[in-house]
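Visitor: Take a look at the following structure, please.
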Amino acid sequence: VVLALASGILFGGVWQGALTSAFAATVGSSVAFGLAKLDTPVRVKALEVVEEYPSLRGIEKVVAKDGLKAILTLRLAPVLPIPIGLYNYVYGVTNVPYFQFAGGIFLGSFKPYLLDSYIGVFGKEIVDGNAKSGGTEDAL
C-alpha cells in the first residue's frame, strides 16, 4: 500500500505511477501464473485449493470462455472465498491464454493504482503546501 501511494511521487506523476504499478503487478502476477502452469509444487497446491473450494471449479469454465473479461471482472470485484493473491495461482491451473490473463490483470490493476497514485501525489501537495488554487485547496 505504501509503495502504491508513493508511486506517483516516485515516478513523476499520477499516470506514470499508476502505469508503473499496474505493470509491476502484472509482472508479479505473471510469475505466480507461470509457476502454477508448470509442473511444480505450486501447481499441486493450487489444485488442492481449487478442490477445497467448490466455487473455484466454476472459474475454470468461466475463465476459459471469457478469459480477459472474467479476469478483469474478478480483479475489480474479488468475490471468491480466497485471498486476492491466490487468484493468480488459480488462473494458472485453468486454460486461460497468457495474454488474456495479463491483459485482465493489467487493466484490473490500473484503476486502483490510479487512485492510490493520485492520493499519494495529492497528499504530497498538501504537505508541501503546493496545492493548486481551485483544486486541492477547495477540497479541504
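Naming works like this for the C-alpha cells: A, B, ... for the chains as they're shown, residue 1 at the start of each chain, ligands 1 onward in shown order.
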Find the residues near range 62-65 of chain A: any atom within 12 Å, counting only C-alpha atoms, skip ones fewer than 3 places away on the same chain, and give them as a ChimeraX atom specification.
Guide: /A:55-59,68-74,87-88,90-98,100-101,104
Visitor: Could you pull out the residues in chain A that DSSP calls helix (DSSP H, G or I) from the backbone, as a PyMOL selection string?
Guide: chain A and resi 2-10+14-37+41-52+54-65+67-76+84-92+98-128+136-139
Visitor: Would you mind reading off the distance between CA of Asp66 in chain A and CA of Ala25 in chain A, one decimal, in Å?
Guide: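 Result for CA of Asp66 in chain A versus CA of Ala25 in chain A: 21.4 Å, one decimal.
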Visitor: Go through A:Ala6, A:Leu114, A:Ala46, A:Ile119 and flag the residue nearest Ala22 in chain A, using only C-alpha atoms for the distances.
Guide: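 Going through A:Ala6, A:Leu114, A:Ala46, A:Ile119 one by one, the smallest distance to Ala22 in chain A is for A:Leu114.
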Visitor: With distances taken over only C-alpha atoms, which residue among A:Gln16, A:Thr40, A:Ser21, A:Ser29 lies nearest Gly85 in chain A?
Guide: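 The closest residue to Gly85 in chain A is A:Ser29.
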Visitor: CA of Leu35 in chain A and CA of Tyr53 in chain A, how far apart in Å?
Guide: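 The value is 20.3 Å.
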Visitor: Using only C-alpha atoms for the distances, tell me which of A:Lys37, A:Lys124, A:Lys61, A:Arg75 is nearest to Tyr89 in chain A.
Guide: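 Of A:Lys37, A:Lys124, A:Lys61, A:Arg75, the one nearest Tyr89 in chain A, counting only C-alpha atoms, is A:Lys37.
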Visitor: Any idea what's packed within 9 Å of Asp116 in chain A, counting only C-alpha atoms, ignoring anything in its chain fewer than 6 positions away? Could you give it as a count of residues only?
Guide: 9
Visitor: When you draw a straight line from CA of Lys111 in chain A to CA of Trp15 in chain A, how long is it in Å?
Guide: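 If I compute the distance from CA of Lys111 in chain A to CA of Trp15 in chain A, I get 10.7 Å.
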Visitor: Restricting the calculation to only C-alpha atoms: of A:Ile84, A:Glu60, A:Gly12, A:Ile126, which residue gets closest to Leu47 in chain A?
Guide: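 Smallest distance to Leu47 in chain A is found for A:Glu60.
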